[in-house]
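See below for the structure under consideration.
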Amino acid sequence: MSDDAKTGETANTMKMLFGVAGIYGAFMYYGVLQEGVTKWQYDYDVPKDLLAQCTSEAGKVDTVCTGQTLGRAWFLNTLEALANVIIGSIGLMVTGGANMKAISFQKFFLTGGAQVCAKSFTSMAMIYGVSFPVATLAKSAKMVPVMIGSILLVPGTKYTARKYIQVAMIIGGTVMVNMAKGSKKGASSEALGLAFLGIALVCDGMVGGLQGGMKASYQKLSGGSKIKPYELMTFTNLFMLMIAFAVAMVLGEFLSGMEFVLAHPELLVKVSTWALCSAIGQSFIFFTISTFDPLVTTTVTTTRKIFSVLLSIFLHGHAINEIGWAGIGCASLGIIGEMTEKKDHGAKDAKSKK
């Protein structure tokens, strides 16, 4: 191997390590902070009249109503999208700006809408008691709504036995983790959280198709050019920002959310850092996609989810018994199977193009 080749290989290795470290570092810390943000609680003596007003007939106290927790998923996702727009815009300016003639605002609106709904309903699921490990594992099964939709709407659609087994392992493992916790007070609230998680999964399943249509539209309008990573990041998050802000204002979450975080500096730091981690993590993802094959990025982000689940269990003290650990193992095998399947398909596609 020549010196130039060795230098190039070393440079690629350093770039890979840089991208992997950025994705792992930003998104694993993002996961830790997300659970802290959604579960954060301010302890104070709630006035009796307010306590009575915020207590249901079943005796469940709504801590958002009492002003003890932040809640307000749409407010949180407004801040997250804003951070992503700022970082994405900086990246866009550094890489030469956007091709505005090729941007389909309608397509970006639909894609951004699906993504912000997926994020907001996931946040709502966690606010209503779903743990981060369960939410993360369940979100890995977003192929379920895609598969169901394709089977129902596209005649002749078929999937391999391997695909069904992988999805079943992810779903089964997630159910095992959730059921292993046992029944507890507030289970009805958590059932609502699981319903929100189901809605988030459906929205997640829509993203791929909508994003594919948006990319095709861009390529058509640009005369064959592919959309640049920071164009995708900036304009998707811009519409996520607008939609989240509009919903937060209608629901009365934005102003009350701002008032709440400003009144609690500790929470303000957590929320700000959480949003910044999201933006930095996405930026590293786009850096890795643009530098290497997208399958490399898929491998990194997929394995990161598994480590995020384990980190959450140890840092937040989630009680996991033998059944729960078996569920984590089962779901992780399903996730890794999905990852290796994509890698195999990518290798076949690359071979067929030669």
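In the structure tokens, the first chain shown is A, the next is B, and so on; residue numbers restart at 1 for each chain, and ligands run from 1 in the order shown.
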
Review point. A:Lys39: which residues within 8 Å, counting only C-alpha atoms, same-chain residues fewer than 4 positions away excluded, as a VMD selection string?
Key: chain A and resid 35 69 126 to 127

Practice item. Run DSSP on the backbone and give me the residues of stretch 29-110 of chain A it puts in strand (DSSP E or B), as a ChimeraX atom specification. Key: /A:41,55,61,69

Given the selection you just returned, output its residues as a file containing N, CA and C atoms, formatted as an mmCIF file, in the first residue's frame.
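New file out-v3.cif:
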data_model
loop_
_atom_site.group_PDB
_atom_site.id
_atom_site.type_symbol
_atom_site.label_atom_id
_atom_site.label_comp_id
_atom_site.auth_asym_id
_atom_site.auth_seq_id
_atom_site.Cartn_x
_atom_site.Cartn_y
_atom_site.Cartn_z
ATOM 1 N N GLN A 41 -39.632 16.823 38.144
ATOM 2 C CA GLN A 41 -40.740 17.238 39.015
ATOM 3 C C GLN A 41 -40.266 18.232 40.069
ATOM 4 N N THR A 55 -57.077 16.582 40.864
ATOM 5 C CA THR A 55 -57.155 15.161 41.204
ATOM 6 C C THR A 55 -58.384 14.540 40.553
ATOM 7 N N VAL A 61 -53.350 12.290 40.638
ATOM 8 C CA VAL A 61 -53.015 13.707 40.626
ATOM 9 C C VAL A 61 -52.317 14.050 39.313
ATOM 10 N N THR A 69 -44.808 19.418 37.205
ATOM 11 C CA THR A 69 -44.019 18.940 36.067
ATOM 12 C C THR A 69 -44.313 19.794 34.841
#

Practice item. May I have all residues of stretch 73-143 of chain A that DSSP, computed from the backbone, assigns to helix (DSSP H, G or I), given as a PyMOL selection string? Key: chain A and resi 73-94+100-102+105-127+132-139+143

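Residues in contact range of A:Tyr218, defined as at most 6 Å between only C-alpha atoms, with sequence neighbours fewer than 3 positions away removed, read Ala102, Ile103, Lys215, Leu221 and Ser222 of chain A.
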
Next, the residues of the selection above should be written as a CSV table (one decimal), in the first residue's frame with N, CA and C atoms.
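That gives us again-v1.csv:
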chain,number,residue,atom,x,y,z
A,102,ALA,N,-35.7,24.1,-6.1
A,102,ALA,CA,-36.0,22.7,-6.1
A,102,ALA,C,-36.7,22.3,-4.8
A,103,ILE,N,-36.9,23.2,-3.9
A,103,ILE,CA,-37.6,22.9,-2.6
A,103,ILE,C,-39.1,23.0,-2.8
A,215,LYS,N,-37.9,13.7,-1.7
A,215,LYS,CA,-36.6,13.6,-2.4
A,215,LYS,C,-36.8,13.5,-3.9
A,221,LEU,N,-37.2,18.8,-9.7
A,221,LEU,CA,-37.2,20.2,-9.9
A,221,LEU,C,-35.8,20.7,-10.1
A,222,SER,N,-34.8,20.0,-9.6
A,222,SER,CA,-33.4,20.4,-9.7
A,222,SER,C,-32.7,19.9,-10.9

Point to revise | Shell around A:Ser140 at 9 Å using only C-alpha atoms, local window under 2 positions removed, as a ChimeraX atom specification | key: /A:135-138,142-143,167,170-171,201,302,305,331,335

Exercise for review: Pick out the closest residue to A:Pro145 from this set: A:Ala21, A:Ala161, A:Met233, A:Val202. Count only C-alpha atoms.
Suggested key: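 For A:Pro145, the nearest of the given residues is A:Val202.
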
Exercise for review: Find the spatial neighbours of stretch 309-313 of chain A, counting only C-alpha atoms, within a cut-off of 9 Å - ignore same-chain residues fewer than 2 positions away - and output them as a VMD selection string.
Suggested key: chain A and resid 28 31 to 32 35 132 to 134 136 to 137 304 to 307 315 to 320 328

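Each of A:Lys15, A:Lys158, A:Lys60, A:Lys107 was checked against A:Thr236 using only C-alpha atoms; the smallest atom-to-atom distance is that of A:Lys107.
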